[in-house]
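Student: Next comes structure-v3.txt, compact mmCIF, N, CA and C atoms:
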# COMPACT_ATOMS: atom_id res chain seq x y z
N GLN A 1 -82.14 48.71 -210.41
CA GLN A 1 -81.27 47.55 -210.58
C GLN A 1 -81.75 46.75 -211.79
N VAL A 2 -80.76 46.23 -212.55
CA VAL A 2 -81.09 45.45 -213.74
C VAL A 2 -80.28 44.18 -213.74
N GLN A 3 -80.79 43.18 -214.46
CA GLN A 3 -80.03 41.95 -214.68
C GLN A 3 -79.48 41.98 -216.09
N LEU A 4 -78.24 41.53 -216.21
CA LEU A 4 -77.53 41.57 -217.48
C LEU A 4 -77.02 40.18 -217.81
N VAL A 5 -77.22 39.76 -219.05
CA VAL A 5 -76.76 38.44 -219.48
C VAL A 5 -75.99 38.58 -220.78
N GLU A 6 -74.69 38.25 -220.71
CA GLU A 6 -73.85 38.32 -221.90
C GLU A 6 -73.89 37.01 -222.69
N SER A 7 -73.62 37.12 -223.97
CA SER A 7 -73.48 35.95 -224.84
C SER A 7 -72.63 36.34 -226.03
N GLY A 8 -72.17 35.32 -226.77
CA GLY A 8 -71.44 35.58 -228.00
C GLY A 8 -69.95 35.37 -227.93
N GLY A 9 -69.43 35.07 -226.76
CA GLY A 9 -68.01 34.83 -226.66
C GLY A 9 -67.62 33.51 -227.31
N GLY A 10 -66.31 33.28 -227.42
CA GLY A 10 -65.85 32.03 -228.02
C GLY A 10 -64.39 32.09 -228.38
N LEU A 11 -63.97 31.11 -229.17
CA LEU A 11 -62.58 31.01 -229.64
C LEU A 11 -62.53 31.43 -231.09
N VAL A 12 -61.61 32.32 -231.41
CA VAL A 12 -61.47 32.81 -232.78
C VAL A 12 -60.00 33.01 -233.08
N GLN A 13 -59.65 32.89 -234.35
CA GLN A 13 -58.27 33.13 -234.75
C GLN A 13 -58.00 34.63 -234.87
N ALA A 14 -56.76 34.99 -234.72
CA ALA A 14 -56.38 36.39 -234.89
C ALA A 14 -56.84 36.89 -236.26
N GLY A 15 -57.37 38.12 -236.26
CA GLY A 15 -57.92 38.68 -237.48
C GLY A 15 -59.40 38.43 -237.66
N GLY A 16 -59.95 37.56 -236.85
CA GLY A 16 -61.37 37.22 -236.94
C GLY A 16 -62.26 38.21 -236.22
N SER A 17 -63.55 37.89 -236.21
CA SER A 17 -64.56 38.78 -235.61
C SER A 17 -65.48 38.00 -234.70
N LEU A 18 -66.02 38.70 -233.72
CA LEU A 18 -67.07 38.19 -232.83
C LEU A 18 -68.01 39.34 -232.52
N ARG A 19 -69.26 39.00 -232.22
CA ARG A 19 -70.20 40.00 -231.72
C ARG A 19 -70.75 39.53 -230.39
N LEU A 20 -70.51 40.34 -229.37
CA LEU A 20 -71.05 40.07 -228.04
C LEU A 20 -72.40 40.76 -227.89
N SER A 21 -73.28 40.11 -227.14
CA SER A 21 -74.59 40.68 -226.83
C SER A 21 -74.77 40.75 -225.32
N CYS A 22 -75.51 41.75 -224.87
CA CYS A 22 -75.85 41.90 -223.46
C CYS A 22 -77.35 42.15 -223.38
N ALA A 23 -78.08 41.15 -222.95
CA ALA A 23 -79.53 41.28 -222.79
C ALA A 23 -79.84 41.90 -221.43
N VAL A 24 -80.69 42.91 -221.44
CA VAL A 24 -81.02 43.68 -220.24
C VAL A 24 -82.43 43.37 -219.80
N SER A 25 -82.62 43.18 -218.47
CA SER A 25 -83.94 42.81 -217.97
C SER A 25 -84.92 43.96 -218.03
N GLY A 26 -84.42 45.18 -217.86
CA GLY A 26 -85.32 46.33 -217.86
C GLY A 26 -85.32 47.04 -219.19
N ARG A 27 -85.85 48.25 -219.17
CA ARG A 27 -85.88 49.07 -220.38
C ARG A 27 -84.55 49.78 -220.54
N ILE A 28 -83.82 49.36 -221.55
CA ILE A 28 -82.46 49.86 -221.74
C ILE A 28 -82.45 51.37 -221.97
N ILE A 29 -83.53 51.90 -222.48
CA ILE A 29 -83.57 53.32 -222.80
C ILE A 29 -83.47 54.17 -221.54
N THR A 30 -83.80 53.59 -220.38
CA THR A 30 -83.75 54.34 -219.12
C THR A 30 -82.37 54.31 -218.46
N ILE A 31 -81.45 53.56 -219.02
CA ILE A 31 -80.12 53.42 -218.41
C ILE A 31 -79.19 54.46 -219.00
N PRO A 32 -78.67 55.37 -218.18
CA PRO A 32 -77.85 56.46 -218.72
C PRO A 32 -76.53 56.01 -219.33
N THR A 33 -75.88 55.06 -218.67
CA THR A 33 -74.55 54.65 -219.11
C THR A 33 -74.44 53.14 -219.11
N MET A 34 -73.99 52.60 -220.23
CA MET A 34 -73.70 51.17 -220.33
C MET A 34 -72.31 51.01 -220.94
N GLY A 35 -71.71 49.88 -220.63
CA GLY A 35 -70.38 49.67 -221.16
C GLY A 35 -69.96 48.21 -221.18
N TRP A 36 -68.90 47.98 -221.89
CA TRP A 36 -68.23 46.67 -221.91
C TRP A 36 -66.87 46.83 -221.25
N TYR A 37 -66.56 45.92 -220.35
CA TYR A 37 -65.28 45.85 -219.69
C TYR A 37 -64.67 44.48 -219.97
N ARG A 38 -63.37 44.36 -219.75
CA ARG A 38 -62.74 43.06 -219.89
C ARG A 38 -61.67 42.87 -218.82
N GLN A 39 -61.42 41.61 -218.51
CA GLN A 39 -60.40 41.28 -217.53
C GLN A 39 -59.62 40.07 -218.01
N ALA A 40 -58.35 40.29 -218.25
CA ALA A 40 -57.45 39.21 -218.65
C ALA A 40 -56.83 38.60 -217.40
N PRO A 41 -56.35 37.36 -217.48
CA PRO A 41 -55.75 36.70 -216.31
C PRO A 41 -54.61 37.53 -215.74
N GLY A 42 -54.66 37.76 -214.43
CA GLY A 42 -53.59 38.49 -213.76
C GLY A 42 -53.64 40.00 -213.94
N LYS A 43 -54.68 40.49 -214.60
CA LYS A 43 -54.79 41.93 -214.84
C LYS A 43 -56.07 42.47 -214.23
N GLN A 44 -56.11 43.79 -214.07
CA GLN A 44 -57.30 44.44 -213.55
C GLN A 44 -58.37 44.56 -214.65
N ARG A 45 -59.60 44.65 -214.23
CA ARG A 45 -60.69 44.87 -215.17
C ARG A 45 -60.52 46.27 -215.78
N GLU A 46 -60.72 46.35 -217.09
CA GLU A 46 -60.54 47.62 -217.78
C GLU A 46 -61.73 47.92 -218.68
N LEU A 47 -61.97 49.21 -218.86
CA LEU A 47 -63.05 49.65 -219.73
C LEU A 47 -62.66 49.43 -221.19
N VAL A 48 -63.57 48.85 -221.95
CA VAL A 48 -63.37 48.66 -223.38
C VAL A 48 -64.11 49.74 -224.16
N ALA A 49 -65.39 49.92 -223.84
CA ALA A 49 -66.20 50.91 -224.56
C ALA A 49 -67.42 51.26 -223.73
N SER A 50 -67.89 52.50 -223.90
CA SER A 50 -69.09 52.97 -223.22
C SER A 50 -70.07 53.52 -224.24
N ILE A 51 -71.35 53.46 -223.88
CA ILE A 51 -72.37 54.09 -224.70
C ILE A 51 -73.38 54.75 -223.76
N PHE A 52 -73.80 55.96 -224.11
CA PHE A 52 -74.66 56.75 -223.24
C PHE A 52 -76.05 56.84 -223.85
N SER A 53 -77.01 57.26 -223.03
CA SER A 53 -78.39 57.33 -223.52
C SER A 53 -78.52 58.31 -224.68
N SER A 54 -77.60 59.25 -224.78
CA SER A 54 -77.61 60.20 -225.90
C SER A 54 -77.18 59.55 -227.20
N GLY A 55 -76.55 58.36 -227.08
CA GLY A 55 -76.00 57.69 -228.26
C GLY A 55 -74.51 57.90 -228.41
N ALA A 56 -73.94 58.80 -227.62
CA ALA A 56 -72.51 59.03 -227.67
C ALA A 56 -71.76 57.79 -227.21
N THR A 57 -70.57 57.61 -227.75
CA THR A 57 -69.76 56.43 -227.43
C THR A 57 -68.34 56.86 -227.05
N ASN A 58 -67.66 55.93 -226.38
CA ASN A 58 -66.28 56.18 -225.96
C ASN A 58 -65.54 54.85 -226.01
N TYR A 59 -64.30 54.87 -226.50
CA TYR A 59 -63.53 53.63 -226.66
C TYR A 59 -62.16 53.75 -226.02
N ALA A 60 -61.67 52.62 -225.52
CA ALA A 60 -60.29 52.54 -225.09
C ALA A 60 -59.40 52.61 -226.33
N GLY A 61 -58.23 53.20 -226.15
CA GLY A 61 -57.34 53.37 -227.28
C GLY A 61 -56.97 52.07 -227.98
N ALA A 62 -56.86 51.00 -227.20
CA ALA A 62 -56.42 49.72 -227.75
C ALA A 62 -57.43 49.09 -228.71
N VAL A 63 -58.69 49.52 -228.63
CA VAL A 63 -59.72 48.90 -229.47
C VAL A 63 -60.33 49.88 -230.47
N LYS A 64 -59.98 51.13 -230.36
CA LYS A 64 -60.57 52.14 -231.25
C LYS A 64 -60.29 51.79 -232.71
N GLY A 65 -61.33 51.84 -233.51
CA GLY A 65 -61.19 51.50 -234.92
C GLY A 65 -61.42 50.04 -235.23
N ARG A 66 -61.45 49.19 -234.19
CA ARG A 66 -61.68 47.76 -234.38
C ARG A 66 -63.00 47.30 -233.76
N PHE A 67 -63.38 47.90 -232.65
CA PHE A 67 -64.60 47.52 -231.93
C PHE A 67 -65.65 48.60 -232.10
N THR A 68 -66.92 48.17 -232.09
CA THR A 68 -68.04 49.10 -232.17
C THR A 68 -69.09 48.71 -231.15
N ILE A 69 -69.45 49.65 -230.28
CA ILE A 69 -70.48 49.43 -229.28
C ILE A 69 -71.79 50.02 -229.80
N SER A 70 -72.89 49.34 -229.52
CA SER A 70 -74.19 49.85 -229.94
C SER A 70 -75.26 49.33 -228.99
N ARG A 71 -76.43 49.93 -229.05
CA ARG A 71 -77.55 49.48 -228.22
C ARG A 71 -78.82 49.54 -229.05
N ASP A 72 -79.65 48.51 -228.90
CA ASP A 72 -80.93 48.43 -229.58
C ASP A 72 -82.02 48.60 -228.53
N ASN A 73 -82.61 49.78 -228.48
CA ASN A 73 -83.60 50.06 -227.44
C ASN A 73 -84.84 49.17 -227.57
N ALA A 74 -85.20 48.82 -228.78
CA ALA A 74 -86.40 47.99 -228.99
C ALA A 74 -86.18 46.57 -228.47
N LYS A 75 -84.96 46.09 -228.56
CA LYS A 75 -84.64 44.72 -228.11
C LYS A 75 -84.04 44.70 -226.71
N ASN A 76 -83.85 45.87 -226.10
CA ASN A 76 -83.23 45.95 -224.78
C ASN A 76 -81.91 45.17 -224.74
N THR A 77 -81.10 45.40 -225.74
CA THR A 77 -79.85 44.68 -225.88
C THR A 77 -78.73 45.63 -226.29
N MET A 78 -77.56 45.40 -225.71
CA MET A 78 -76.36 46.13 -226.09
C MET A 78 -75.42 45.16 -226.80
N TYR A 79 -74.64 45.68 -227.73
CA TYR A 79 -73.76 44.84 -228.52
C TYR A 79 -72.32 45.38 -228.48
N LEU A 80 -71.39 44.48 -228.76
CA LEU A 80 -70.01 44.88 -229.01
C LEU A 80 -69.52 44.08 -230.22
N GLN A 81 -69.40 44.76 -231.34
CA GLN A 81 -68.86 44.14 -232.54
C GLN A 81 -67.35 44.26 -232.50
N MET A 82 -66.66 43.13 -232.56
CA MET A 82 -65.21 43.12 -232.44
C MET A 82 -64.62 42.56 -233.73
N ASN A 83 -63.88 43.39 -234.42
CA ASN A 83 -63.24 43.00 -235.68
C ASN A 83 -61.72 43.02 -235.53
N ASN A 84 -61.05 42.33 -236.44
CA ASN A 84 -59.58 42.28 -236.43
C ASN A 84 -59.05 41.96 -235.03
N LEU A 85 -59.58 40.90 -234.47
CA LEU A 85 -59.20 40.54 -233.10
C LEU A 85 -57.75 40.12 -233.01
N LYS A 86 -57.15 40.44 -231.87
CA LYS A 86 -55.75 40.16 -231.61
C LYS A 86 -55.63 39.26 -230.37
N PRO A 87 -54.55 38.50 -230.25
CA PRO A 87 -54.39 37.66 -229.06
C PRO A 87 -54.49 38.45 -227.75
N GLU A 88 -54.07 39.70 -227.76
CA GLU A 88 -54.14 40.50 -226.54
C GLU A 88 -55.56 40.93 -226.19
N ASP A 89 -56.52 40.63 -227.06
CA ASP A 89 -57.93 40.87 -226.73
C ASP A 89 -58.52 39.73 -225.90
N THR A 90 -57.77 38.67 -225.70
CA THR A 90 -58.24 37.53 -224.91
C THR A 90 -58.53 37.96 -223.48
N ALA A 91 -59.77 37.71 -223.03
CA ALA A 91 -60.20 38.13 -221.69
C ALA A 91 -61.62 37.66 -221.47
N VAL A 92 -62.08 37.81 -220.23
CA VAL A 92 -63.51 37.69 -219.95
C VAL A 92 -64.11 39.08 -220.12
N TYR A 93 -65.17 39.15 -220.91
CA TYR A 93 -65.83 40.42 -221.20
C TYR A 93 -67.10 40.53 -220.38
N TYR A 94 -67.27 41.69 -219.75
CA TYR A 94 -68.40 41.93 -218.86
C TYR A 94 -69.23 43.11 -219.36
N CYS A 95 -70.52 42.96 -219.22
CA CYS A 95 -71.47 44.03 -219.52
C CYS A 95 -71.75 44.80 -218.22
N ASN A 96 -71.87 46.10 -218.32
CA ASN A 96 -72.12 46.95 -217.15
C ASN A 96 -73.23 47.94 -217.45
N ALA A 97 -74.09 48.17 -216.44
CA ALA A 97 -75.12 49.19 -216.53
C ALA A 97 -75.03 50.04 -215.28
N ARG A 98 -75.02 51.37 -215.48
CA ARG A 98 -74.76 52.25 -214.34
C ARG A 98 -75.72 53.43 -214.35
N SER A 99 -76.26 53.74 -213.14
CA SER A 99 -77.09 54.92 -212.96
C SER A 99 -77.01 55.30 -211.51
N VAL A 100 -77.73 56.33 -211.13
CA VAL A 100 -77.80 56.70 -209.72
C VAL A 100 -78.48 55.56 -208.97
N GLY A 101 -77.80 55.00 -208.00
CA GLY A 101 -78.40 53.95 -207.20
C GLY A 101 -78.02 52.54 -207.58
N TYR A 102 -77.40 52.34 -208.72
CA TYR A 102 -76.97 51.00 -209.06
C TYR A 102 -75.79 51.02 -210.02
N ASN A 103 -75.05 49.92 -209.96
CA ASN A 103 -73.90 49.70 -210.84
C ASN A 103 -73.82 48.18 -211.01
N ASP A 104 -74.48 47.67 -212.04
CA ASP A 104 -74.71 46.23 -212.17
C ASP A 104 -73.83 45.60 -213.25
N TRP A 105 -73.51 44.31 -213.02
CA TRP A 105 -72.62 43.57 -213.91
C TRP A 105 -73.26 42.27 -214.36
N GLY A 106 -72.89 41.85 -215.55
CA GLY A 106 -73.25 40.52 -216.00
C GLY A 106 -72.24 39.50 -215.48
N GLN A 107 -72.45 38.24 -215.86
CA GLN A 107 -71.59 37.17 -215.36
C GLN A 107 -70.31 37.01 -216.18
N GLY A 108 -70.26 37.64 -217.34
CA GLY A 108 -69.07 37.59 -218.17
C GLY A 108 -69.14 36.52 -219.24
N THR A 109 -68.43 36.76 -220.33
CA THR A 109 -68.33 35.79 -221.41
C THR A 109 -66.87 35.76 -221.88
N GLN A 110 -66.35 34.55 -222.06
CA GLN A 110 -64.94 34.39 -222.40
C GLN A 110 -64.71 34.61 -223.89
N VAL A 111 -63.71 35.41 -224.19
CA VAL A 111 -63.24 35.60 -225.56
C VAL A 111 -61.78 35.16 -225.61
N THR A 112 -61.48 34.23 -226.50
CA THR A 112 -60.12 33.75 -226.65
C THR A 112 -59.70 33.89 -228.10
N VAL A 113 -58.58 34.58 -228.32
CA VAL A 113 -58.08 34.82 -229.66
C VAL A 113 -56.75 34.09 -229.81
N SER A 114 -56.70 33.15 -230.73
CA SER A 114 -55.48 32.38 -230.94
C SER A 114 -54.62 33.03 -232.03
N SER A 115 -53.32 32.88 -231.88
CA SER A 115 -52.39 33.50 -232.84
C SER A 115 -52.09 32.56 -233.99
Rewrite the structure from the file as structure tokens, please.

Tutor:
Amino acid sequence: QVQLVESGGGLVQAGGSLRLSCAVSGRIITIPTMGWYRQAPGKQRELVASIFSSGATNYAGAVKGRFTISRDNAKNTMYLQMNNLKPEDTAVYYCNARSVGYNDWGQGTQVTVSS
């Protein structure tokens, strides 16, 4: 089990950029799968991007080419660089860490994109 703390959310105009961070309590290198999810008002939580211990990544179609997920093993931190933001990206963004025996979430950080 790990504790996750997100930061970096805020209000930005359409076309702008934000970088989210997820600080991990344990050694991030031991976590097989990490990801960013988001939940907009009235909608289900959805996967935005995943990153695996191998370094492989996976993106939702709606963000591919605009968002970049990465992890810094030395800092035990995962990032989500979000460029060319759109109003439909407005949501609470959650960090997730998953392995055998646990599936942990952060508290979320609000991202609001104005048109």

Student: Could you give me, as a PyMOL selection string, the residues within 10 Å of Val100 of chain A, counting only C-alpha atoms and dropping anything in the same chain fewer than 6 positions from it?

Tutor: chain A and resi 1+31-32

Student: As a compact mmCIF listing (two decimals) with N, CA and C atoms, in the coordinates of the input, please: all residues of chain A that backbone DSSP puts in strand (DSSP E or B).

Tutor:
# COMPACT_ATOMS: atom_id res chain seq x y z
N LEU A 4 -78.24 41.53 -216.21
CA LEU A 4 -77.53 41.57 -217.48
C LEU A 4 -77.02 40.18 -217.81
N VAL A 5 -77.22 39.76 -219.05
CA VAL A 5 -76.76 38.44 -219.48
C VAL A 5 -75.99 38.58 -220.78
N GLU A 6 -74.69 38.25 -220.71
CA GLU A 6 -73.85 38.32 -221.90
C GLU A 6 -73.89 37.01 -222.69
N SER A 7 -73.62 37.12 -223.97
CA SER A 7 -73.48 35.95 -224.84
C SER A 7 -72.63 36.34 -226.03
N GLY A 10 -66.31 33.28 -227.42
CA GLY A 10 -65.85 32.03 -228.02
C GLY A 10 -64.39 32.09 -228.38
N LEU A 11 -63.97 31.11 -229.17
CA LEU A 11 -62.58 31.01 -229.64
C LEU A 11 -62.53 31.43 -231.09
N VAL A 12 -61.61 32.32 -231.41
CA VAL A 12 -61.47 32.81 -232.78
C VAL A 12 -60.00 33.01 -233.08
N GLN A 13 -59.65 32.89 -234.35
CA GLN A 13 -58.27 33.13 -234.75
C GLN A 13 -58.00 34.63 -234.87
N LEU A 18 -66.02 38.70 -233.72
CA LEU A 18 -67.07 38.19 -232.83
C LEU A 18 -68.01 39.34 -232.52
N ARG A 19 -69.26 39.00 -232.22
CA ARG A 19 -70.20 40.00 -231.72
C ARG A 19 -70.75 39.53 -230.39
N LEU A 20 -70.51 40.34 -229.37
CA LEU A 20 -71.05 40.07 -228.04
C LEU A 20 -72.40 40.76 -227.89
N SER A 21 -73.28 40.11 -227.14
CA SER A 21 -74.59 40.68 -226.83
C SER A 21 -74.77 40.75 -225.32
N CYS A 22 -75.51 41.75 -224.87
CA CYS A 22 -75.85 41.90 -223.46
C CYS A 22 -77.35 42.15 -223.38
N ALA A 23 -78.08 41.15 -222.95
CA ALA A 23 -79.53 41.28 -222.79
C ALA A 23 -79.84 41.90 -221.43
N VAL A 24 -80.69 42.91 -221.44
CA VAL A 24 -81.02 43.68 -220.24
C VAL A 24 -82.43 43.37 -219.80
N THR A 33 -75.88 55.06 -218.67
CA THR A 33 -74.55 54.65 -219.11
C THR A 33 -74.44 53.14 -219.11
N MET A 34 -73.99 52.60 -220.23
CA MET A 34 -73.70 51.17 -220.33
C MET A 34 -72.31 51.01 -220.94
N GLY A 35 -71.71 49.88 -220.63
CA GLY A 35 -70.38 49.67 -221.16
C GLY A 35 -69.96 48.21 -221.18
N TRP A 36 -68.90 47.98 -221.89
CA TRP A 36 -68.23 46.67 -221.91
C TRP A 36 -66.87 46.83 -221.25
N TYR A 37 -66.56 45.92 -220.35
CA TYR A 37 -65.28 45.85 -219.69
C TYR A 37 -64.67 44.48 -219.97
N ARG A 38 -63.37 44.36 -219.75
CA ARG A 38 -62.74 43.06 -219.89
C ARG A 38 -61.67 42.87 -218.82
N GLN A 39 -61.42 41.61 -218.51
CA GLN A 39 -60.40 41.28 -217.53
C GLN A 39 -59.62 40.07 -218.01
N GLU A 46 -60.72 46.35 -217.09
CA GLU A 46 -60.54 47.62 -217.78
C GLU A 46 -61.73 47.92 -218.68
N LEU A 47 -61.97 49.21 -218.86
CA LEU A 47 -63.05 49.65 -219.73
C LEU A 47 -62.66 49.43 -221.19
N VAL A 48 -63.57 48.85 -221.95
CA VAL A 48 -63.37 48.66 -223.38
C VAL A 48 -64.11 49.74 -224.16
N ALA A 49 -65.39 49.92 -223.84
CA ALA A 49 -66.20 50.91 -224.56
C ALA A 49 -67.42 51.26 -223.73
N SER A 50 -67.89 52.50 -223.90
CA SER A 50 -69.09 52.97 -223.22
C SER A 50 -70.07 53.52 -224.24
N ILE A 51 -71.35 53.46 -223.88
CA ILE A 51 -72.37 54.09 -224.70
C ILE A 51 -73.38 54.75 -223.76
N PHE A 52 -73.80 55.96 -224.11
CA PHE A 52 -74.66 56.75 -223.24
C PHE A 52 -76.05 56.84 -223.85
N THR A 57 -70.57 57.61 -227.75
CA THR A 57 -69.76 56.43 -227.43
C THR A 57 -68.34 56.86 -227.05
N ASN A 58 -67.66 55.93 -226.38
CA ASN A 58 -66.28 56.18 -225.96
C ASN A 58 -65.54 54.85 -226.01
N TYR A 59 -64.30 54.87 -226.50
CA TYR A 59 -63.53 53.63 -226.66
C TYR A 59 -62.16 53.75 -226.02
N PHE A 67 -63.38 47.90 -232.65
CA PHE A 67 -64.60 47.52 -231.93
C PHE A 67 -65.65 48.60 -232.10
N THR A 68 -66.92 48.17 -232.09
CA THR A 68 -68.04 49.10 -232.17
C THR A 68 -69.09 48.71 -231.15
N ILE A 69 -69.45 49.65 -230.28
CA ILE A 69 -70.48 49.43 -229.28
C ILE A 69 -71.79 50.02 -229.80
N SER A 70 -72.89 49.34 -229.52
CA SER A 70 -74.19 49.85 -229.94
C SER A 70 -75.26 49.33 -228.99
N ARG A 71 -76.43 49.93 -229.05
CA ARG A 71 -77.55 49.48 -228.22
C ARG A 71 -78.82 49.54 -229.05
N ASP A 72 -79.65 48.51 -228.90
CA ASP A 72 -80.93 48.43 -229.58
C ASP A 72 -82.02 48.60 -228.53
N THR A 77 -81.10 45.40 -225.74
CA THR A 77 -79.85 44.68 -225.88
C THR A 77 -78.73 45.63 -226.29
N MET A 78 -77.56 45.40 -225.71
CA MET A 78 -76.36 46.13 -226.09
C MET A 78 -75.42 45.16 -226.80
N TYR A 79 -74.64 45.68 -227.73
CA TYR A 79 -73.76 44.84 -228.52
C TYR A 79 -72.32 45.38 -228.48
N LEU A 80 -71.39 44.48 -228.76
CA LEU A 80 -70.01 44.88 -229.01
C LEU A 80 -69.52 44.08 -230.22
N GLN A 81 -69.40 44.76 -231.34
CA GLN A 81 -68.86 44.14 -232.54
C GLN A 81 -67.35 44.26 -232.50
N MET A 82 -66.66 43.13 -232.56
CA MET A 82 -65.21 43.12 -232.44
C MET A 82 -64.62 42.56 -233.73
N ALA A 91 -59.77 37.71 -223.03
CA ALA A 91 -60.20 38.13 -221.69
C ALA A 91 -61.62 37.66 -221.47
N VAL A 92 -62.08 37.81 -220.23
CA VAL A 92 -63.51 37.69 -219.95
C VAL A 92 -64.11 39.08 -220.12
N TYR A 93 -65.17 39.15 -220.91
CA TYR A 93 -65.83 40.42 -221.20
C TYR A 93 -67.10 40.53 -220.38
N TYR A 94 -67.27 41.69 -219.75
CA TYR A 94 -68.40 41.93 -218.86
C TYR A 94 -69.23 43.11 -219.36
N CYS A 95 -70.52 42.96 -219.22
CA CYS A 95 -71.47 44.03 -219.52
C CYS A 95 -71.75 44.80 -218.22
N ASN A 96 -71.87 46.10 -218.32
CA ASN A 96 -72.12 46.95 -217.15
C ASN A 96 -73.23 47.94 -217.45
N ALA A 97 -74.09 48.17 -216.44
CA ALA A 97 -75.12 49.19 -216.53
C ALA A 97 -75.03 50.04 -215.28
N ARG A 98 -75.02 51.37 -215.48
CA ARG A 98 -74.76 52.25 -214.34
C ARG A 98 -75.72 53.43 -214.35
N SER A 99 -76.26 53.74 -213.14
CA SER A 99 -77.09 54.92 -212.96
C SER A 99 -77.01 55.30 -211.51
N TYR A 102 -77.40 52.34 -208.72
CA TYR A 102 -76.97 51.00 -209.06
C TYR A 102 -75.79 51.02 -210.02
N ASN A 103 -75.05 49.92 -209.96
CA ASN A 103 -73.90 49.70 -210.84
C ASN A 103 -73.82 48.18 -211.01
N ASP A 104 -74.48 47.67 -212.04
CA ASP A 104 -74.71 46.23 -212.17
C ASP A 104 -73.83 45.60 -213.25
N TRP A 105 -73.51 44.31 -213.02
CA TRP A 105 -72.62 43.57 -213.91
C TRP A 105 -73.26 42.27 -214.36
N THR A 109 -68.43 36.76 -220.33
CA THR A 109 -68.33 35.79 -221.41
C THR A 109 -66.87 35.76 -221.88
N GLN A 110 -66.35 34.55 -222.06
CA GLN A 110 -64.94 34.39 -222.40
C GLN A 110 -64.71 34.61 -223.89
N VAL A 111 -63.71 35.41 -224.19
CA VAL A 111 -63.24 35.60 -225.56
C VAL A 111 -61.78 35.16 -225.61
N THR A 112 -61.48 34.23 -226.50
CA THR A 112 -60.12 33.75 -226.65
C THR A 112 -59.70 33.89 -228.10
N VAL A 113 -58.58 34.58 -228.32
CA VAL A 113 -58.08 34.82 -229.66
C VAL A 113 -56.75 34.09 -229.81
N SER A 114 -56.70 33.15 -230.73
CA SER A 114 -55.48 32.38 -230.94
C SER A 114 -54.62 33.03 -232.03

Student: Taking (-80.2, 41.8, -219.9) in the file's coordinates as the center, which residues reach within 6.5 Å of it, counting all atoms listed in the file, put as a VMD selection string?

Tutor: chain A and resid 3 to 5 22 to 26 76

Student: From the set A:Thr90, A:Thr109, A:Ala74, A:Asn96, which residue has the shortest atom-to-atom contact distance to Ala40 of chain A, counting only N, CA and C atoms?

Tutor: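 Answer, going by the shortest atom-to-atom distance: A:Thr90.
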
Student: Which residue, A:Ser54, A:Gln110, A:Gln44, A:Ser17, has the smallest gap to Phe67 of chain A when you use only C-alpha atoms?

Tutor: A:Ser17

Student: Find the residues around Met34 of chain A up to 6 Å (all atoms listed in the file counted), leave out those fewer than 3 positions away in its own chain, and share them as a list of chain:residue names.

Tutor: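 Contacts, in chain order: A:Ile31, A:Ala49, A:Ser50, A:Ile51, A:Phe52, A:Asn96, A:Ala97, A:Arg98.
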
Student: Identify which of the residues A:Ala14, A:Val63, A:Cys95, A:Val48 lies closest to Val2 of chain A, counting only C-alpha atoms when measuring atom-to-atom distances.

Tutor: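 When distances to Val2 of chain A are compared using only C-alpha atoms, the smallest one comes from A:Cys95.
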
Student: Which one is closest to Arg38 of chain A: A:Tyr93, A:Gly106, A:Ile69, A:Leu80? Count only N, CA and C atoms.

Tutor: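 Selected residue with least distance to Arg38 of chain A: A:Tyr93.
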
Student: Which residues, written as a PyMOL selection string, have at least one atom at most 7 Å from Gln39 of chain A, with all atoms listed in the file counted and residues fewer than 3 positions away on the same chain left out?

Tutor: chain A and resi 42-46+90-94

Student: Show which residues sit within 8 Å of segment 84-87 of chain A, as a tab-separated table (two decimals) with N, CA and C atoms, in the frame of the given file. Count only N, CA and C atoms, and ignore same-chain residues fewer than 3 positions away.

Tutor:
chain	number	residue	atom	x	y	z
A	12	VAL	N	-61.61	32.32	-231.41
A	12	VAL	CA	-61.47	32.81	-232.78
A	12	VAL	C	-60.00	33.01	-233.08
A	13	GLN	N	-59.65	32.89	-234.35
A	13	GLN	CA	-58.27	33.13	-234.75
A	13	GLN	C	-58.00	34.63	-234.87
A	14	ALA	N	-56.76	34.99	-234.72
A	14	ALA	CA	-56.38	36.39	-234.89
A	14	ALA	C	-56.84	36.89	-236.26
A	15	GLY	N	-57.37	38.12	-236.26
A	15	GLY	CA	-57.92	38.68	-237.48
A	15	GLY	C	-59.40	38.43	-237.66
A	16	GLY	N	-59.95	37.56	-236.85
A	16	GLY	CA	-61.37	37.22	-236.94
A	16	GLY	C	-62.26	38.21	-236.22
A	17	SER	N	-63.55	37.89	-236.21
A	17	SER	CA	-64.56	38.78	-235.61
A	17	SER	C	-65.48	38.00	-234.70
A	18	LEU	N	-66.02	38.70	-233.72
A	18	LEU	CA	-67.07	38.19	-232.83
A	18	LEU	C	-68.01	39.34	-232.52
A	65	GLY	N	-61.33	51.84	-233.51
A	65	GLY	CA	-61.19	51.50	-234.92
A	65	GLY	C	-61.42	50.04	-235.23
A	66	ARG	N	-61.45	49.19	-234.19
A	66	ARG	CA	-61.68	47.76	-234.38
A	66	ARG	C	-63.00	47.30	-233.76
A	67	PHE	N	-63.38	47.90	-232.65
A	67	PHE	CA	-64.60	47.52	-231.93
A	67	PHE	C	-65.65	48.60	-232.10
A	81	GLN	N	-69.40	44.76	-231.34
A	81	GLN	CA	-68.86	44.14	-232.54
A	81	GLN	C	-67.35	44.26	-232.50
A	90	THR	N	-57.77	38.67	-225.70
A	90	THR	CA	-58.24	37.53	-224.91
A	90	THR	C	-58.53	37.96	-223.48
A	91	ALA	N	-59.77	37.71	-223.03
A	91	ALA	CA	-60.20	38.13	-221.69
A	91	ALA	C	-61.62	37.66	-221.47
A	112	THR	N	-61.48	34.23	-226.50
A	112	THR	CA	-60.12	33.75	-226.65
A	112	THR	C	-59.70	33.89	-228.10
A	113	VAL	N	-58.58	34.58	-228.32
A	113	VAL	CA	-58.08	34.82	-229.66
A	113	VAL	C	-56.75	34.09	-229.81
A	114	SER	N	-56.70	33.15	-230.73
A	114	SER	CA	-55.48	32.38	-230.94
A	114	SER	C	-54.62	33.03	-232.03
A	115	SER	N	-53.32	32.88	-231.88
A	115	SER	CA	-52.39	33.50	-232.84
A	115	SER	C	-52.09	32.56	-233.99
